[in-house]
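Quick look at final.txt (compact mmCIF, C-alpha atoms):
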```
# COMPACT_ATOMS: atom_id res chain seq x y z
CA MET X 112 -4.09 5.89 -19.84
CA LEU X 113 -4.76 8.79 -17.48
CA PRO X 114 -6.68 9.12 -14.20
CA ASP X 115 -10.44 9.58 -14.46
CA GLU X 116 -12.11 12.95 -14.87
CA THR X 117 -15.28 11.79 -13.11
CA GLU X 118 -16.13 9.42 -10.28
CA THR X 119 -16.09 6.20 -12.26
CA THR X 120 -17.18 2.81 -10.93
CA ARG X 121 -13.61 1.73 -10.12
CA LEU X 122 -13.00 4.80 -7.96
CA LYS X 123 -16.39 4.65 -6.29
CA THR X 124 -15.83 0.99 -5.44
CA TRP X 125 -12.49 1.77 -3.81
CA ASP X 126 -13.88 4.84 -2.04
CA ASN X 127 -16.58 2.74 -0.39
CA TYR X 128 -14.05 0.47 1.35
CA HIS X 129 -13.44 3.15 4.03
CA TYR X 130 -11.14 0.96 6.17
CA GLY X 131 -8.38 -1.53 5.44
CA MET X 132 -5.36 -3.36 6.82
CA PHE X 133 -1.78 -2.68 5.75
CA ILE X 134 0.29 -5.86 6.22
CA HIS X 135 4.04 -5.26 6.38
CA PHE X 136 5.91 -8.57 6.23
CA GLY X 137 9.05 -9.68 4.43
CA MET X 138 12.83 -9.45 4.64
CA ASN X 139 12.54 -6.28 6.73
CA THR X 140 10.77 -8.32 9.41
CA PHE X 141 13.89 -10.44 9.84
CA VAL X 142 16.41 -7.62 9.49
CA GLY X 143 14.50 -5.60 12.08
CA THR X 144 14.56 -2.26 10.27
CA GLN X 145 12.14 -0.23 8.15
CA GLN X 146 14.68 0.14 5.34
CA VAL X 147 17.29 -2.34 4.11
CA PRO X 148 20.21 -0.31 2.70
CA HIS X 149 22.31 -3.45 2.23
CA PRO X 150 20.14 -6.46 1.35
CA PRO X 151 21.22 -9.51 3.41
CA PRO X 152 21.54 -13.07 2.08
CA VAL X 153 18.21 -14.38 0.84
CA THR X 154 18.29 -17.11 3.52
CA THR X 155 17.84 -14.41 6.20
CA TYR X 156 14.13 -14.69 5.48
CA ALA X 157 13.27 -17.83 7.47
CA PRO X 158 9.75 -17.92 8.92
CA PRO X 159 8.09 -21.10 10.18
CA PRO X 160 4.99 -22.37 8.32
CA LEU X 161 2.84 -19.30 7.72
CA ASP X 162 -0.86 -18.91 8.43
CA VAL X 163 -1.60 -16.09 6.01
CA ASP X 164 -5.29 -16.99 6.27
CA ALA X 165 -5.24 -15.76 9.88
CA TRP X 166 -4.00 -12.33 8.81
CA VAL X 167 -6.90 -11.85 6.44
CA LYS X 168 -9.43 -13.37 8.83
CA LEU X 169 -8.42 -10.69 11.34
CA THR X 170 -8.95 -8.10 8.61
CA LYS X 171 -12.51 -9.39 8.24
CA ASP X 172 -13.09 -9.68 12.00
CA ALA X 173 -11.87 -6.10 12.48
CA GLY X 174 -14.53 -4.80 10.10
CA MET X 175 -12.13 -3.86 7.32
CA LYS X 176 -13.00 -4.13 3.64
CA TYR X 177 -9.58 -4.27 1.99
CA ALA X 178 -5.99 -5.28 2.73
CA VAL X 179 -2.64 -4.30 1.21
CA LEU X 180 0.37 -6.64 1.39
CA THR X 181 4.01 -5.59 0.98
CA THR X 182 4.81 -7.83 -1.98
CA LYS X 183 8.23 -6.19 -2.40
CA HIS X 184 9.72 -3.57 -0.09
CA SER X 185 12.80 -1.40 -0.56
CA GLY X 186 15.26 -4.27 0.00
CA GLY X 187 14.10 -5.95 -3.21
CA PHE X 188 12.89 -9.21 -1.65
CA CYS X 189 9.72 -10.64 -3.24
CA LEU X 190 7.01 -12.52 -1.34
CA TRP X 191 6.22 -14.51 -4.48
CA ASP X 192 8.33 -16.69 -6.79
CA SER X 193 9.18 -14.11 -9.42
CA LYS X 194 9.95 -15.75 -12.77
CA VAL X 195 11.02 -12.61 -14.60
CA LEU X 196 14.52 -12.39 -16.02
CA TRP X 197 17.09 -10.23 -14.27
CA HIS X 198 20.42 -9.83 -16.03
CA GLY X 199 19.75 -12.91 -18.12
CA ARG X 200 18.58 -15.28 -15.40
CA GLU X 201 15.48 -15.78 -13.27
CA TYR X 202 15.12 -13.32 -10.42
CA GLU X 203 16.41 -15.13 -7.34
CA TYR X 204 15.83 -12.75 -4.42
CA ASP X 205 12.44 -14.16 -3.47
CA VAL X 206 10.68 -16.76 -1.33
CA ALA X 207 11.55 -19.60 -3.73
CA ALA X 208 15.22 -19.30 -2.68
CA THR X 209 14.50 -19.61 1.06
CA SER X 210 13.67 -22.34 3.56
CA ASN X 211 9.98 -21.37 3.45
CA LYS X 212 8.91 -21.29 -0.19
CA THR X 213 5.31 -20.31 0.53
CA ASP X 214 4.01 -17.95 -2.14
CA VAL X 215 2.74 -15.42 0.39
CA VAL X 216 1.09 -13.32 -2.30
CA LYS X 217 -0.87 -16.30 -3.61
CA ALA X 218 -1.93 -17.31 -0.09
CA PHE X 219 -2.92 -13.71 0.66
CA VAL X 220 -5.10 -13.39 -2.46
CA ALA X 221 -6.75 -16.76 -1.76
CA ALA X 222 -7.55 -15.73 1.80
CA CYS X 223 -8.95 -12.40 0.61
CA LYS X 224 -11.29 -14.25 -1.74
CA LYS X 225 -12.32 -16.60 1.08
CA TYR X 226 -13.24 -13.75 3.45
CA GLY X 227 -14.59 -11.25 0.94
CA ILE X 228 -11.70 -8.81 1.36
CA SER X 229 -10.42 -6.77 -1.59
CA PRO X 230 -6.66 -7.42 -2.02
CA GLY X 231 -4.05 -4.76 -2.73
CA PHE X 232 -0.34 -5.01 -3.55
CA TYR X 233 2.33 -2.70 -2.16
CA TYR X 234 5.37 -2.52 -4.46
CA CYS X 235 8.40 -0.30 -3.76
CA LEU X 236 10.11 1.38 -6.71
CA SER X 237 13.20 2.01 -4.60
CA ASP X 238 15.08 -1.29 -4.62
CA THR X 239 18.50 -1.55 -2.99
CA TYR X 240 19.00 -5.02 -4.44
CA ALA X 241 18.40 -4.11 -8.08
CA ASN X 242 19.33 -0.40 -7.91
CA LYS X 243 22.39 -0.01 -5.71
CA SER X 244 23.02 3.50 -6.99
CA ALA X 245 20.08 4.78 -4.92
CA PRO X 246 20.38 3.11 -1.51
CA ILE X 247 18.14 5.64 0.25
CA PRO X 248 14.55 5.71 -1.03
CA LYS X 249 13.67 8.97 -2.75
CA LEU X 250 10.19 10.32 -2.35
CA PHE X 251 10.04 14.09 -2.44
CA GLY X 252 12.99 14.62 -4.78
CA GLN X 253 13.23 13.45 -8.35
CA GLY X 254 15.24 10.38 -9.24
CA VAL X 255 15.89 8.27 -12.30
CA MET X 256 15.55 4.50 -12.28
CA PRO X 257 18.39 2.85 -14.22
CA GLU X 258 17.04 1.07 -17.27
CA ASP X 259 17.60 -2.43 -15.87
CA ALA X 260 15.82 -1.62 -12.58
CA PHE X 261 12.99 0.06 -14.49
CA GLU X 262 12.56 -2.94 -16.78
CA LEU X 263 12.52 -5.20 -13.72
CA ALA X 264 9.77 -3.12 -12.11
CA LYS X 265 7.69 -3.23 -15.28
CA ALA X 266 8.15 -6.99 -15.62
CA GLN X 267 7.32 -7.72 -11.97
CA LEU X 268 4.26 -5.48 -11.88
CA THR X 269 3.05 -7.16 -15.06
CA GLU X 270 3.69 -10.54 -13.45
CA LEU X 271 1.69 -9.59 -10.37
CA ALA X 272 -1.19 -8.19 -12.43
CA ILE X 273 -1.38 -11.29 -14.65
CA ASN X 274 -0.75 -14.01 -12.06
CA TYR X 275 -3.07 -12.52 -9.42
CA PRO X 276 -5.90 -10.92 -11.43
CA ASP X 277 -8.16 -10.61 -8.37
CA CYS X 278 -6.00 -7.70 -7.21
CA HIS X 279 -7.08 -4.32 -8.56
CA TYR X 280 -5.20 -2.01 -6.15
CA PHE X 281 -1.51 -1.26 -6.65
CA TRP X 282 0.22 0.82 -3.97
CA LEU X 283 3.50 2.09 -5.46
CA ASP X 284 5.94 3.45 -2.88
CA THR X 285 8.76 5.99 -3.32
CA PRO X 286 7.60 7.26 -6.73
CA GLY X 287 10.32 9.91 -6.64
CA THR X 288 12.81 7.12 -7.32
CA ALA X 289 11.56 7.26 -10.92
CA THR X 290 11.12 10.04 -13.44
CA VAL X 291 7.65 11.35 -14.22
CA ALA X 292 7.81 9.52 -17.56
CA GLN X 293 8.74 6.26 -15.84
CA GLN X 294 5.92 6.66 -13.32
CA ALA X 295 3.47 7.37 -16.14
CA ALA X 296 4.62 4.23 -17.94
CA LEU X 297 4.02 2.10 -14.84
CA TYR X 298 0.60 3.64 -14.28
CA ASP X 299 -0.30 3.07 -17.93
CA LEU X 300 0.98 -0.53 -17.78
CA LEU X 301 -1.23 -1.41 -14.81
CA ARG X 302 -4.32 0.31 -16.20
CA ARG X 303 -3.91 -1.42 -19.55
CA GLN X 304 -3.58 -4.79 -17.86
CA ASN X 305 -7.03 -4.13 -16.42
CA PRO X 306 -8.87 -0.80 -16.79
CA ASP X 307 -10.48 -1.45 -13.39
CA ASN X 308 -7.09 -1.34 -11.65
CA VAL X 309 -6.50 1.61 -9.35
CA VAL X 310 -2.99 2.91 -8.71
CA LEU X 311 -1.63 5.00 -5.85
CA MET X 312 1.73 6.76 -6.08
CA ASN X 313 2.73 7.35 -2.46
CA ASN X 314 2.99 11.14 -2.66
CA HIS X 315 2.07 12.43 0.84
CA TYR X 316 0.59 15.57 -0.67
CA ALA X 317 -2.92 15.52 0.72
CA ALA X 318 -1.34 16.78 3.95
CA HIS X 319 -0.99 20.17 2.30
CA ALA X 320 -4.57 20.40 1.07
CA THR X 321 -7.19 22.79 2.36
CA THR X 322 -10.92 22.58 2.04
CA GLY X 323 -11.91 22.97 -1.59
CA ASP X 324 -8.31 23.20 -2.86
CA GLU X 325 -8.49 21.91 -6.42
CA GLY X 326 -4.97 22.96 -7.38
CA LEU X 327 -2.94 20.56 -5.25
CA VAL X 328 -1.87 18.32 -8.11
CA GLU X 329 -0.76 21.24 -10.26
CA LYS X 330 1.14 22.85 -7.41
CA LYS X 331 2.68 19.87 -5.63
CA LEU X 332 2.26 16.61 -7.47
CA SER X 333 4.36 17.14 -10.58
CA HIS X 334 6.85 14.43 -9.59
CA ALA X 335 4.33 11.89 -8.27
CA TYR X 336 1.84 11.68 -11.09
CA PRO X 337 -0.23 10.04 -12.48
CA SER X 338 -1.99 8.68 -9.40
CA ASP X 339 -5.60 7.87 -8.69
CA PHE X 340 -5.32 9.10 -5.11
CA LEU X 341 -3.85 11.71 -2.87
CA ASN X 342 -2.53 10.26 0.36
CA THR X 343 -0.99 10.94 3.73
CA GLU X 344 1.02 8.78 6.10
CA ALA X 345 1.66 8.41 9.81
CA LYS X 346 1.67 11.80 11.59
CA GLN X 347 0.44 13.79 8.59
CA ARG X 348 -3.13 14.90 8.13
CA PRO X 349 -4.79 17.29 5.70
CA GLU X 350 -5.78 20.73 6.87
CA GLY X 351 -9.34 20.15 5.71
CA VAL X 352 -11.55 17.94 3.62
CA VAL X 353 -9.48 16.77 0.66
CA SER X 354 -10.91 17.97 -2.61
CA ARG X 355 -11.82 15.10 -4.93
CA LYS X 356 -11.46 17.36 -7.97
CA GLN X 357 -7.92 18.23 -9.01
CA ARG X 358 -6.65 20.24 -11.96
CA TRP X 359 -3.93 18.95 -14.24
CA ASN X 360 -2.86 20.38 -17.62
CA GLY X 361 -6.23 21.99 -18.25
CA LYS X 362 -8.23 18.94 -17.13
CA THR X 363 -10.19 18.30 -13.97
CA LEU X 364 -9.44 14.89 -12.45
CA PHE X 365 -11.42 12.98 -9.86
CA MET X 366 -9.11 11.62 -7.15
CA GLY X 367 -9.60 9.66 -3.94
CA TYR X 368 -7.82 10.10 -0.60
CA GLU X 369 -6.19 7.56 1.71
CA HIS X 370 -4.29 7.83 4.98
CA CYS X 371 -2.05 5.00 6.18
CA ASP X 372 -0.88 4.70 9.76
CA THR X 373 0.40 2.22 12.32
CA THR X 374 -1.39 0.40 15.10
CA GLY X 375 1.80 0.38 17.17
CA GLN X 376 5.34 1.72 16.89
CA GLY X 377 6.71 0.88 13.48
CA TRP X 378 5.42 -0.81 10.34
CA PHE X 379 7.17 -4.19 10.49
CA ASP X 380 6.52 -6.27 13.64
CA PRO X 381 5.64 -3.24 15.80
CA LYS X 382 7.31 -3.10 19.19
CA GLY X 383 5.70 -2.40 22.52
CA GLU X 384 2.00 -2.01 23.11
CA PRO X 385 -0.56 -0.97 20.50
CA LYS X 386 -1.81 2.58 20.56
CA PRO X 387 -4.78 3.28 22.86
CA VAL X 388 -8.16 2.55 21.35
CA ASP X 389 -9.20 6.18 21.85
CA GLU X 390 -6.24 7.37 19.78
CA LEU X 391 -6.94 4.91 16.97
CA PHE X 392 -10.65 5.70 16.95
CA ASN X 393 -10.01 9.45 16.84
CA LEU X 394 -7.71 8.84 13.87
CA TYR X 395 -10.38 6.82 12.07
CA GLN X 396 -13.03 9.43 12.75
CA MET X 397 -10.83 12.30 11.54
CA ILE X 398 -9.81 10.55 8.32
CA ARG X 399 -13.39 9.62 7.51
CA GLN X 400 -14.47 13.22 8.15
CA ASP X 401 -11.67 14.39 5.85
CA GLY X 402 -13.24 12.22 3.16
CA GLY X 403 -10.62 9.48 3.13
CA ASN X 404 -10.05 5.78 3.67
CA LEU X 405 -7.89 4.61 6.58
CA LEU X 406 -5.30 1.91 5.88
CA LEU X 407 -4.14 0.74 9.30
CA ASP X 408 -0.94 -1.30 9.57
CA VAL X 409 -0.37 -4.42 11.64
CA GLY X 410 2.93 -6.21 10.97
CA PRO X 411 3.23 -9.95 11.73
CA THR X 412 6.19 -11.13 13.82
CA ARG X 413 9.07 -13.26 12.54
CA ASP X 414 6.90 -16.25 13.40
CA GLY X 415 4.28 -14.91 11.02
CA VAL X 416 1.66 -14.13 13.66
CA ILE X 417 -0.08 -10.92 14.62
CA ARG X 418 0.43 -10.54 18.33
CA PRO X 419 -2.70 -11.08 20.48
CA GLU X 420 -2.62 -7.60 21.99
CA PHE X 421 -2.79 -6.06 18.51
CA ARG X 422 -5.58 -8.39 17.50
CA ASP X 423 -7.52 -7.45 20.63
CA ARG X 424 -6.98 -3.75 20.01
CA LEU X 425 -8.38 -4.00 16.48
CA LEU X 426 -11.48 -5.80 17.76
CA GLN X 427 -11.96 -3.13 20.44
CA LEU X 428 -11.60 -0.49 17.75
CA LYS X 429 -14.23 -2.22 15.62
CA GLU X 430 -16.79 -1.82 18.40
CA ARG X 431 -16.19 1.94 18.45
CA ILE X 432 -16.24 2.21 14.66
CA ASP X 433 -19.50 0.25 14.37
CA VAL X 434 -21.24 2.64 16.76
CA TYR X 435 -19.83 5.65 14.91
CA GLU X 436 -20.81 4.42 11.46
CA LYS X 437 -24.31 3.55 12.65
CA SER X 438 -24.72 7.05 14.07
CA THR X 439 -23.58 8.69 10.83
CA VAL X 440 -26.19 6.70 8.88
CA GLN X 441 -28.91 7.63 11.35
CA HIS X 442 -28.04 11.32 11.15
CA ALA X 443 -27.55 11.45 7.40
CA PRO X 444 -29.93 13.86 5.63
```
Translate this structure into structure tokens?
Amino acid sequence: MLPDETETTRLKTWDNYHYGMFIHFGMNTFVGTQQVPHPPPVTTYAPPPLDVDAWVKLTKDAGMKYAVLTTKHSGGFCLWDSKVLWHGREYEYDVAATSNKTDVVKAFVAACKKYGISPGFYYCLSDTYANKSAPIPKLFGQGVMPEDAFELAKAQLTELAINYPDCHYFWLDTPGTATVAQQAALYDLLRRQNPDNVVLMNNHYAAHATTGDEGLVEKKLSHAYPSDFLNTEAKQRPEGVVSRKQRWNGKTLFMGYEHCDTTGQGWFDPKGEPKPVDELFNLYQMIRQDGGNLLLDVGPTRDGVIRPEFRDRLLQLKERIDVYEKSTVQHAP
């Protein structure tokens, strides 16, 4: 299957979320680094009893409409009990092999249903546990996933799609780890599991767009396609409103836009104080004016809690956003 040529219901539904929470939690939280070039023993992941419900409740309280959880980051550790076979035996680098066997993905999806939040799954194609030949995630280059790592990714994404059917948003990181054909196969797999699924290949290319530029995919996205969205991250921003129409091989595709960013310094368990509310609000306002959704990260600590100062900052930000959104409705033609 290929991305849509018009604004279909699945894309319009996603586009209307406007604002979501990115939840980075996993092995990286306990290692203390963004990347895990040498995956530690599985027992390194050792949180106390987790209140995943509280993470999603904050998402709701902050006025967000969707949330994306890091089900598997670059170190290969899974936040669910993966039953797929890996080299002839059940995959063992997951929560089931640790002191806290909570299926975080299951708890996350249940909490999303409870609070009316749309769940999304982050899944990293770069995997230093299963693909040791590529220890540094590739994004802008062009890599090749070894067949065993590629089969593992297909099996685990299928497992996630089948076991947690309430999730319709799949956020695939480091697409350059795979070939274009491998990326297309993963996109096709997820869309065939459920045609309503939407898939983002983290490509960073909307940062190079200009107002009305409909050729971005043809010019820049050849190694991060197919994707339902253009996206930017952290300090990047587009140079103008991101064009929803993009050309590809003689077709015009309809694509969304999303920007993800951090509330503090870093994605996992951010250090220091959260960013000032003015800075976060200006970011929200700019991304909305660029025509995108903002996915704002808050990483729980090793104890599995979102620090109070970050919770307070999100609630302060909500007050500013509510006033802004109300004013845009009042001034709409």
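Reported to one decimal place, the separation of CA of Gly143 (chain X) from CA of Thr285 (chain X) is 20.1 Å.
When CA of Pro381 (chain X) is paired with CA of Asp162 (chain X), their separation reads 18.5 Å.
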Practice prompt. Name the residues in contact with His279 (chain X) at a cut-off of 8 Å, using all atoms listed in the file, excluding same-chain residues fewer than 6 positions from it; report them as a ChimeraX atom specification.
Written response: /X:230-231,305,307-309
Please provide as a PDB file with C-alpha atoms, keeping the file's coordinate frame all residues within 10 Å of region 415-426 of chain X, with the sequence filter that same-chain residues fewer than 6 positions apart are discarded (counting only C-alpha atoms).
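Dumped everything to selection.pdb:
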```
ATOM      1  CA  ILE X 134       0.290  -5.860   6.220  1.00  0.00           C
ATOM      2  CA  PHE X 136       5.910  -8.570   6.230  1.00  0.00           C
ATOM      3  CA  GLY X 137       9.050  -9.680   4.430  1.00  0.00           C
ATOM      4  CA  THR X 140      10.770  -8.320   9.410  1.00  0.00           C
ATOM      5  CA  PRO X 158       9.750 -17.920   8.920  1.00  0.00           C
ATOM      6  CA  PRO X 159       8.090 -21.100  10.180  1.00  0.00           C
ATOM      7  CA  PRO X 160       4.990 -22.370   8.320  1.00  0.00           C
ATOM      8  CA  LEU X 161       2.840 -19.300   7.720  1.00  0.00           C
ATOM      9  CA  ASP X 162      -0.860 -18.910   8.430  1.00  0.00           C
ATOM     10  CA  VAL X 163      -1.600 -16.090   6.010  1.00  0.00           C
ATOM     11  CA  ALA X 165      -5.240 -15.760   9.880  1.00  0.00           C
ATOM     12  CA  TRP X 166      -4.000 -12.330   8.810  1.00  0.00           C
ATOM     13  CA  LEU X 169      -8.420 -10.690  11.340  1.00  0.00           C
ATOM     14  CA  THR X 170      -8.950  -8.100   8.610  1.00  0.00           C
ATOM     15  CA  ASP X 172     -13.090  -9.680  12.000  1.00  0.00           C
ATOM     16  CA  ALA X 173     -11.870  -6.100  12.480  1.00  0.00           C
ATOM     17  CA  GLY X 174     -14.530  -4.800  10.100  1.00  0.00           C
ATOM     18  CA  MET X 175     -12.130  -3.860   7.320  1.00  0.00           C
ATOM     19  CA  THR X 374      -1.390   0.400  15.100  1.00  0.00           C
ATOM     20  CA  GLY X 375       1.800   0.380  17.170  1.00  0.00           C
ATOM     21  CA  ASP X 380       6.520  -6.270  13.640  1.00  0.00           C
ATOM     22  CA  PRO X 381       5.640  -3.240  15.800  1.00  0.00           C
ATOM     23  CA  GLY X 383       5.700  -2.400  22.520  1.00  0.00           C
ATOM     24  CA  GLU X 384       2.000  -2.010  23.110  1.00  0.00           C
ATOM     25  CA  PRO X 385      -0.560  -0.970  20.500  1.00  0.00           C
ATOM     26  CA  LYS X 386      -1.810   2.580  20.560  1.00  0.00           C
ATOM     27  CA  PRO X 387      -4.780   3.280  22.860  1.00  0.00           C
ATOM     28  CA  VAL X 388      -8.160   2.550  21.350  1.00  0.00           C
ATOM     29  CA  LEU X 391      -6.940   4.910  16.970  1.00  0.00           C
ATOM     30  CA  PHE X 392     -10.650   5.700  16.950  1.00  0.00           C
ATOM     31  CA  LEU X 407      -4.140   0.740   9.300  1.00  0.00           C
ATOM     32  CA  VAL X 409      -0.370  -4.420  11.640  1.00  0.00           C
ATOM     33  CA  ILE X 432     -16.240   2.210  14.660  1.00  0.00           C
TER      34      ILE X 432
END
```
Item to complete: Kindly extract all protein, DNA and RNA residues lying within 10 Å of the coordinates (18.0, -16.8, 6.2) given in the file, considering only C-alpha atoms, and supply them as a PyMOL selection string.
Response: chain X and resi 138+141-142+151-158+208-211
Fill in: Interatomic distance, CA of Thr119 (chain X) to CA of Tyr368 (chain X) (Å, one decimal)
14.8 Å
Discussion item. I want to know what sits within 9 Å of Leu196 (chain X), based on only C-alpha atoms, with residues of the same chain fewer than 6 positions away left out; could you give that as an NGL selection string?
Written reply: :X and (202 or 263 or 266)
